[in-house]
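J.: Quick one: the structure is below, questions incoming.
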Amino acid sequence: MIETRALSVHLTGKPVLHDVSLSLPRGKLTALVGPNGAGKSTLLTALGRLIAPASGEILLDCVPLNTIPAPELALRLSILRQEGAVGPRLTVRDLVSFGRYPHSHGRLGVTDRAEVERAIDRLDLAAFSDRYLDTLSGGQKQRAQIAMVLAQQTDVILLDEPLNNLDLAHARRVMRIARQEAEAGRTVVVVLHDLTVAAAYADHLVALKAGRVAASGRPDQVVTEPVLSDLFDTEVTVAEVGGRRVVLTL
Amino acid sequence: MRGASLILLAALALLLACLAFLSLGARGDWGFVLMFRGTRLVALITVASAVALSTMVFQTLAANRILTPAIMGFDALFLLGQSGLVFILSGVGVAMLNPYLKFGLETGVMLVAALALFGALLRRGRGISRMILTGIVFGILFRSLTQLLNRLIAPSEFSVVQSASFAQFTAIPANLTWVAAGGTVLVSAWLIAQHRRLDVMALGREAAMSLGVRYDRQARQMLAAVALLVSVSTALVGPIVFFGLLVSALTHHLARSWRHALLLPLSALVACTVLVASQTLFERVLHLQTSVAVVIEGLGGLVFLAMILRRRKS
Amino acid sequence: MSPSRLAAPAALVLLVGISAVTGVASLSGGEWWILGVSRLPRTAAALLAGAGLAVAGVIMQMLARNRFVEPSTTGTAQAAGLGLVAVTLVAPGAALWLKMAVATAAALIGTAGFLALVRRLPSRDPLLVPLTGLVYGGILGAAATFLAYERDLIQYVDVWMNGELSGVMLGRYEFLWAAGALAIAAYVFADRFTIAGMGEDTSRSLGLDYPRVVALGLVIVAGIAAVTVVTVGMIPFVGLVVPNMVARFAGENLRRTLPLVAMSGAGLVLACDILGRLIRFPYEIPVGTILGVLGALVFLWMLNARR
């Protein structure tokens, strides 16, 4: 469980998030939605301790995030960031193995190797696990990075736009994995652009607008025409197809 | 007329610098002083003008104010040509050659090599960073090759490498000075006469061609002129990497104009003033014999770094 | 995998053998003492400097997150030279270890300055990093030359900046073992440097103390560069050529590739030194000159080859 209290975050001196108070429960899949520049990624990055808040608090299981030692935190919280570049020339398996670093500190044991292989399989990477990342397509790289985060096996999993570059089948696969992780008792927070996907998979939606929480609640409370039209300042139609809410922007 | 007054001011500054250079600390017979210092003054002015004009014209061709012939390795290429000639013609005895003939040969080698290498590079232009970096690494390659050749030519001599590794304003070969000065005047006059054409070429290849300029041919001629000027300055004092950049930055800062009729003469005046004044300051006032080149290089390097860093903001 | 794993050590052993018998003096006349006093120390110096510089290069590439950097193109070697000139001016009679310490400190400050500069560059244009580094190194070098020129120390600067192994003898190269030790230390922390190569955010996500890894890397790089500059002079481009070649074939998971990087660096410098002894026999071409030519060619190829 991760909470924020009156959280404000600045980026290069400018306030991006104002007074955000949230509770992201364990065992649930929470989706962060909202227009471009609303502060979704910034919020996720702050939750992932990569930006220090200007004011307010972030609590992980009731303990302030910034008081938890870095090595311990890496065992409890992992984050997938949007920027794609990895850096060193690594194979897929190398990259995923580095997800085990907080556990193994480089000396992979039997469990570590098993977790690496499981993450590779879950993201359908087995066919090219020994290929170098720079020889892969954007979607394949994205899946490798998600696999690295999964291999970290943390209680809190933060994913920033995990569906970027993914085709239909793999997007569905990633969202199913996110659900499985939530159902296994983890706290999963995902920044999503596609509101239909968010409505279909998330337990809980948080809508941000201009750095503030504009709405939050179950999908049937947030994914409604008035809420979304207001959130995006444009006419939005919500249809019901096969018992699911589909957001149309026509 | 802002341009005319700028030129006048710069000419006045140069005059003062020259007077200071000739008179400060001079003792004894004026005839002797004039002959000795006068020749050196001519050499300094020749080098400064050659560096200034070659840099300004090159920047117009490259459509970029960070690139200079020296940064692209022209100076190093000249030195490599020098060593290469000695290496190839060692049987004939290049050392015995008439210095004018030798200089002519070196310049010829430089012309061919510069046109072949940099003509292609300029035309390809795949990103300015790649071009600058390629030029700098070419410079390193040429210098290393020169060292290698020098070692092969005279393996027992330890100091051959060092003497050529940076500019020396104190020991200028006097016999070459007047030939070099004459050549520089001719090439400079030709370039300045081309100022309108350069104005058009500064618009870029396509624009200039659609305005009726035979761009590629013109560019080759200009590049040849640049190579000539670099040969002159390098033969006289050795390689100067960042001086041209310093001069071009100063000139653009002062002129705020795209007109080569102003830019070319002004850059020459600025370069001469800076070089003569700093030589006077270091030699006559601070009594530091040899470090003008090093200080100018350091300053120019800082300007270069500042230009690179500032580029990201624009 | 296993034949290729044996290839590098085998090539290295062969090179050592050639190095031991290559030189002006002949070993056949019972002059075995030459082997112990000159040939083997010289061979060891080439191996140690090569391995150290290659490792320093790969660490620089991880810290700067750029494959075009290495100690001689980032101001590290020039800063070490500047420190040496400064200490020679202030205390001409200082002990060698003291000079070494000052050179290391100067290299540390110089390299940290480079990294600080690089952080301010836009990440979009990777070529700006080596460009800045070369000019930055040039300015530091000009400062060293300026100081040295006025005090007639210029020949020292030349010796420091242009690596040459012909002066290596028993008792005059042993500081280079420190470079070897630092390379081994780098291997101990190999995983951390690979992670640092993924950037600050990823490093922190994996629980790494990023500033500490950077500091550690800087100490290793500065130490190796300074020791090399003081004992045999700077050998350029080893740290650029070797890691990039190894990365092509074996990737950059340093835990796996660092031994190969070290061995290839050692082999490259030794091979170039042997070449330098043979090209103009009985005279010698400095190894720094040969690598200057070779390295610049590879650099140009890297710059302009299609990816």
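Labeling convention for the structure tokens: chains A, B, ... as they appear, residues from 1 per chain, ligands from 1 in order of appearance.
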Can you list, as a PyMOL selection string, every protein, DNA or RNA residue that comes within 10 Å of Arg67 in chain C when you count only C-alpha atoms, leaving out same-chain residues fewer than 3 positions away?
T.: (chain A and resi 87-88) or (chain C and resi 57-58+60-62+64+70+126-127+129-130+240-241+243-244+247+302)
J.: Residues of chain C near chain B: apply a cut-off of 6 Å, count only C-alpha atoms, and supply the list as an MDAnalysis selection string.
T.: chainID C and resid 127 131 139 142 146 289 292:293 296
J.: What does the file look like for those residues with N, CA, C and O atoms, as an mmCIF file, in the first residue's frame?
T.:
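Generated file (out10.cif):
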```
data_model
loop_
_atom_site.group_PDB
_atom_site.id
_atom_site.type_symbol
_atom_site.label_atom_id
_atom_site.label_comp_id
_atom_site.auth_asym_id
_atom_site.auth_seq_id
_atom_site.Cartn_x
_atom_site.Cartn_y
_atom_site.Cartn_z
ATOM 1 N N LEU C 127 27.195 12.864 -30.064
ATOM 2 C CA LEU C 127 28.513 13.263 -30.549
ATOM 3 C C LEU C 127 29.035 14.498 -29.837
ATOM 4 O O LEU C 127 30.235 14.776 -29.848
ATOM 5 N N LEU C 131 33.065 15.513 -28.453
ATOM 6 C CA LEU C 131 33.494 16.806 -28.976
ATOM 7 C C LEU C 131 33.888 17.726 -27.815
ATOM 8 O O LEU C 131 34.977 18.313 -27.801
ATOM 9 N N ILE C 139 42.081 22.254 -23.824
ATOM 10 C CA ILE C 139 42.289 23.444 -22.995
ATOM 11 C C ILE C 139 43.177 23.100 -21.799
ATOM 12 O O ILE C 139 44.116 23.830 -21.471
ATOM 13 N N ALA C 142 46.585 22.808 -23.036
ATOM 14 C CA ALA C 142 47.179 24.123 -23.310
ATOM 15 C C ALA C 142 47.656 24.764 -22.007
ATOM 16 O O ALA C 142 48.726 25.386 -21.961
ATOM 17 N N PHE C 146 51.365 25.822 -21.287
ATOM 18 C CA PHE C 146 51.667 27.205 -20.918
ATOM 19 C C PHE C 146 52.582 27.245 -19.703
ATOM 20 O O PHE C 146 53.619 27.907 -19.705
ATOM 21 N N THR C 289 52.504 6.857 -30.575
ATOM 22 C CA THR C 289 52.363 7.345 -31.950
ATOM 23 C C THR C 289 51.600 6.336 -32.794
ATOM 24 O O THR C 289 50.682 6.684 -33.541
ATOM 25 N N GLY C 292 48.120 6.352 -31.846
ATOM 26 C CA GLY C 292 47.490 7.591 -32.291
ATOM 27 C C GLY C 292 46.947 7.435 -33.703
ATOM 28 O O GLY C 292 45.808 7.793 -33.991
ATOM 29 N N VAL C 293 47.752 6.836 -34.583
ATOM 30 C CA VAL C 293 47.324 6.625 -35.965
ATOM 31 C C VAL C 293 46.190 5.598 -36.026
ATOM 32 O O VAL C 293 45.108 5.853 -36.575
ATOM 33 N N ALA C 296 42.926 6.806 -34.233
ATOM 34 C CA ALA C 296 42.206 7.851 -34.965
ATOM 35 C C ALA C 296 41.472 7.246 -36.150
ATOM 36 O O ALA C 296 40.338 7.626 -36.452
#
```
J.: Contacts of range 101-116 of chain B at 12 Å or less, counting only C-alpha atoms, minus same-chain residues fewer than 3 places along, as a PyMOL selection string?
T.: chain B and resi 69-70+72-86+89+93-98+119-123+135+138+142+173+175-177+179-180+183+216-217+219-236
J.: List the neighbours of Trp178 in chain B out to 9 Å using only C-alpha atoms; skip same-chain residues closer than 4 positions along the sequence, and give me the result as number ranges by chain.
T.: B: 39, 42-43, 174, 182-183
J.: Any chance you could export the current selection's N, CA, C and O atoms as an mmCIF file, in the first residue's frame?
T.:
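New file result_12.cif:
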```cif
data_model
loop_
_atom_site.group_PDB
_atom_site.id
_atom_site.type_symbol
_atom_site.label_atom_id
_atom_site.label_comp_id
_atom_site.auth_asym_id
_atom_site.auth_seq_id
_atom_site.Cartn_x
_atom_site.Cartn_y
_atom_site.Cartn_z
ATOM 1 N N THR B 39 60.132 43.221 -40.142
ATOM 2 C CA THR B 39 59.906 41.954 -40.836
ATOM 3 C C THR B 39 58.982 41.057 -40.022
ATOM 4 O O THR B 39 58.077 40.416 -40.555
ATOM 5 N N VAL B 42 55.430 42.275 -40.301
ATOM 6 C CA VAL B 42 54.809 41.850 -41.563
ATOM 7 C C VAL B 42 54.375 40.388 -41.463
ATOM 8 O O VAL B 42 53.271 40.008 -41.880
ATOM 9 N N ALA B 43 55.229 39.576 -40.857
ATOM 10 C CA ALA B 43 54.894 38.162 -40.727
ATOM 11 C C ALA B 43 53.637 37.977 -39.873
ATOM 12 O O ALA B 43 52.729 37.220 -40.235
ATOM 13 N N ALA B 174 62.534 34.264 -41.963
ATOM 14 C CA ALA B 174 62.447 35.587 -42.577
ATOM 15 C C ALA B 174 62.363 35.509 -44.096
ATOM 16 O O ALA B 174 61.632 36.273 -44.730
ATOM 17 N N GLY B 182 53.211 38.500 -49.914
ATOM 18 C CA GLY B 182 52.721 38.778 -51.264
ATOM 19 C C GLY B 182 51.562 37.864 -51.644
ATOM 20 O O GLY B 182 50.523 38.323 -52.124
ATOM 21 N N GLY B 183 51.759 36.572 -51.388
ATOM 22 C CA GLY B 183 50.712 35.605 -51.715
ATOM 23 C C GLY B 183 49.421 35.914 -50.975
ATOM 24 O O GLY B 183 48.325 35.872 -51.553
#
```
J.: Using only C-alpha atoms, find the residues of chain A whose closest atom to chain C is at most 6 Å away, then write them as a tab-separated table (two decimals) with C-alpha atoms, in the first residue's frame.
T.:
```
chain	number	residue	atom	x	y	z
A	70	ALA	CA	17.89	2.32	-0.98
A	71	PRO	CA	18.84	-1.38	-1.10
A	74	ALA	CA	14.69	-1.80	-4.30
A	86	VAL	CA	19.15	1.26	-21.98
A	87	GLY	CA	22.80	2.20	-22.55
A	88	PRO	CA	25.16	-0.77	-22.42
A	89	ARG	CA	24.93	-3.37	-25.17
A	90	LEU	CA	23.14	-6.15	-23.31
A	102	PRO	CA	18.64	-6.10	-5.51
```
J.: Using only C-alpha atoms, which residues sit within 9 Å of Leu89 in chain C once same-chain residues fewer than 3 positions away are excluded, as a PyMOL selection string?
T.: chain C and resi 84-86+92+147-148+151+153
J.: Among range 24-194 of chain A, which residues carry a DSSP assignment of alpha helix (DSSP H), reported as a PyMOL selection string?
T.: chain A and resi 40-47+70-76+92-98+101-104+110-122+138-151+168-183
J.: Quick one: everything within 12 Å of Arg107 in chain A, counting only C-alpha atoms, minus sequence neighbours fewer than 2 positions away in the same chain. Send it as a PDB file with N, CA, C and O atoms, in the first residue's frame.
T.:
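Final file, selection-v9.pdb:
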```pdb
ATOM      1  N   SER A  97      18.145 -10.125 -16.075  1.00  0.00           N
ATOM      2  CA  SER A  97      18.906 -10.574 -14.902  1.00  0.00           C
ATOM      3  C   SER A  97      19.235  -9.411 -13.972  1.00  0.00           C
ATOM      4  O   SER A  97      19.311  -9.590 -12.761  1.00  0.00           O
ATOM      5  N   PHE A  98      19.463  -8.238 -14.558  1.00  0.00           N
ATOM      6  CA  PHE A  98      19.765  -7.098 -13.691  1.00  0.00           C
ATOM      7  C   PHE A  98      18.567  -6.724 -12.818  1.00  0.00           C
ATOM      8  O   PHE A  98      18.735  -6.064 -11.804  1.00  0.00           O
ATOM      9  N   ARG A 100      17.239  -8.766 -11.021  1.00  0.00           N
ATOM     10  CA  ARG A 100      17.480  -9.548  -9.795  1.00  0.00           C
ATOM     11  C   ARG A 100      18.590  -8.948  -8.951  1.00  0.00           C
ATOM     12  O   ARG A 100      18.913  -9.483  -7.886  1.00  0.00           O
ATOM     13  N   TYR A 101      19.208  -7.874  -9.423  1.00  0.00           N
ATOM     14  CA  TYR A 101      20.364  -7.327  -8.700  1.00  0.00           C
ATOM     15  C   TYR A 101      20.069  -7.009  -7.233  1.00  0.00           C
ATOM     16  O   TYR A 101      20.870  -7.334  -6.355  1.00  0.00           O
ATOM     17  N   PRO A 102      18.903  -6.403  -6.916  1.00  0.00           N
ATOM     18  CA  PRO A 102      18.641  -6.100  -5.510  1.00  0.00           C
ATOM     19  C   PRO A 102      18.635  -7.360  -4.639  1.00  0.00           C
ATOM     20  O   PRO A 102      18.963  -7.303  -3.460  1.00  0.00           O
ATOM     21  N   HIS A 103      18.280  -8.497  -5.226  1.00  0.00           N
ATOM     22  CA  HIS A 103      18.244  -9.742  -4.461  1.00  0.00           C
ATOM     23  C   HIS A 103      19.613 -10.402  -4.429  1.00  0.00           C
ATOM     24  O   HIS A 103      20.053 -10.905  -3.412  1.00  0.00           O
ATOM     25  N   SER A 104      20.267 -10.426  -5.587  1.00  0.00           N
ATOM     26  CA  SER A 104      21.441 -11.295  -5.729  1.00  0.00           C
ATOM     27  C   SER A 104      22.761 -10.534  -5.652  1.00  0.00           C
ATOM     28  O   SER A 104      23.803 -11.123  -5.443  1.00  0.00           O
ATOM     29  N   HIS A 105      22.720  -9.224  -5.861  1.00  0.00           N
ATOM     30  CA  HIS A 105      23.926  -8.400  -5.971  1.00  0.00           C
ATOM     31  C   HIS A 105      24.904  -8.986  -6.970  1.00  0.00           C
ATOM     32  O   HIS A 105      26.116  -8.975  -6.766  1.00  0.00           O
ATOM     33  N   GLY A 109      21.526 -16.832  -8.045  1.00  0.00           N
ATOM     34  CA  GLY A 109      21.311 -18.169  -7.506  1.00  0.00           C
ATOM     35  C   GLY A 109      20.251 -18.888  -8.312  1.00  0.00           C
ATOM     36  O   GLY A 109      19.782 -18.394  -9.342  1.00  0.00           O
ATOM     37  N   VAL A 110      19.840 -20.047  -7.808  1.00  0.00           N
ATOM     38  CA  VAL A 110      18.864 -20.877  -8.524  1.00  0.00           C
ATOM     39  C   VAL A 110      17.524 -20.148  -8.636  1.00  0.00           C
ATOM     40  O   VAL A 110      16.919 -20.081  -9.711  1.00  0.00           O
ATOM     41  N   THR A 111      17.066 -19.565  -7.517  1.00  0.00           N
ATOM     42  CA  THR A 111      15.787 -18.831  -7.554  1.00  0.00           C
ATOM     43  C   THR A 111      15.868 -17.670  -8.528  1.00  0.00           C
ATOM     44  O   THR A 111      14.926 -17.393  -9.261  1.00  0.00           O
ATOM     45  N   ASP A 112      17.019 -16.954  -8.473  1.00  0.00           N
ATOM     46  CA  ASP A 112      17.172 -15.799  -9.361  1.00  0.00           C
ATOM     47  C   ASP A 112      17.025 -16.220 -10.818  1.00  0.00           C
ATOM     48  O   ASP A 112      16.277 -15.608 -11.582  1.00  0.00           O
ATOM     49  N   ARG A 113      17.722 -17.278 -11.175  1.00  0.00           N
ATOM     50  CA  ARG A 113      17.657 -17.727 -12.566  1.00  0.00           C
ATOM     51  C   ARG A 113      16.240 -18.145 -12.928  1.00  0.00           C
ATOM     52  O   ARG A 113      15.751 -17.850 -14.027  1.00  0.00           O
TER      53      ARG A 113
ATOM     54  N   VAL C 188      35.606  -6.377  -9.635  1.00  0.00           N
ATOM     55  CA  VAL C 188      34.794  -6.659  -8.447  1.00  0.00           C
ATOM     56  C   VAL C 188      33.474  -5.888  -8.522  1.00  0.00           C
ATOM     57  O   VAL C 188      32.421  -6.383  -8.130  1.00  0.00           O
ATOM     58  N   PHE C 189      33.526  -4.656  -9.026  1.00  0.00           N
ATOM     59  CA  PHE C 189      32.329  -3.818  -9.045  1.00  0.00           C
ATOM     60  C   PHE C 189      31.671  -3.798 -10.438  1.00  0.00           C
ATOM     61  O   PHE C 189      30.897  -2.897 -10.745  1.00  0.00           O
ATOM     62  N   ALA C 190      32.007  -4.802 -11.268  1.00  0.00           N
ATOM     63  CA  ALA C 190      31.577  -4.774 -12.672  1.00  0.00           C
ATOM     64  C   ALA C 190      30.075  -4.549 -12.821  1.00  0.00           C
ATOM     65  O   ALA C 190      29.638  -3.726 -13.632  1.00  0.00           O
ATOM     66  N   ASP C 191      29.265  -5.269 -12.016  1.00  0.00           N
ATOM     67  CA  ASP C 191      27.815  -5.148 -12.161  1.00  0.00           C
ATOM     68  C   ASP C 191      27.356  -3.718 -11.920  1.00  0.00           C
ATOM     69  O   ASP C 191      26.480  -3.201 -12.601  1.00  0.00           O
ATOM     70  N   ARG C 255      30.396  -7.849 -16.183  1.00  0.00           N
ATOM     71  CA  ARG C 255      30.768  -9.037 -15.404  1.00  0.00           C
ATOM     72  C   ARG C 255      31.341 -10.101 -16.328  1.00  0.00           C
ATOM     73  O   ARG C 255      32.260 -10.829 -15.980  1.00  0.00           O
TER      74      ARG C 255
END
```
J.: Quick one: of A:Val96, A:Val241, A:Leu80, A:Ile2, who's nearest to Gly27 in chain A, counting only C-alpha atoms?
T.: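 Among A:Val96, A:Val241, A:Leu80, A:Ile2, it is A:Ile2 that comes nearest to Gly27 in chain A.
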J.: Any idea what the distance is between CA of Asp158 in chain C and CA of Thr145 in chain C?
T.: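 CA of Thr145 in chain C lies at a distance of 9.2 Å from CA of Asp158 in chain C.
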J.: Do you know which residues are at most 8 Å from Thr280 in chain B counting only C-alpha atoms, after dropping those on the same chain fewer than 5 positions away, and could you put them as a list in words?
T.: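 Using only C-alpha atoms, the neighbours found are Ala17, Ala20, Phe21 and Val285 of chain B.
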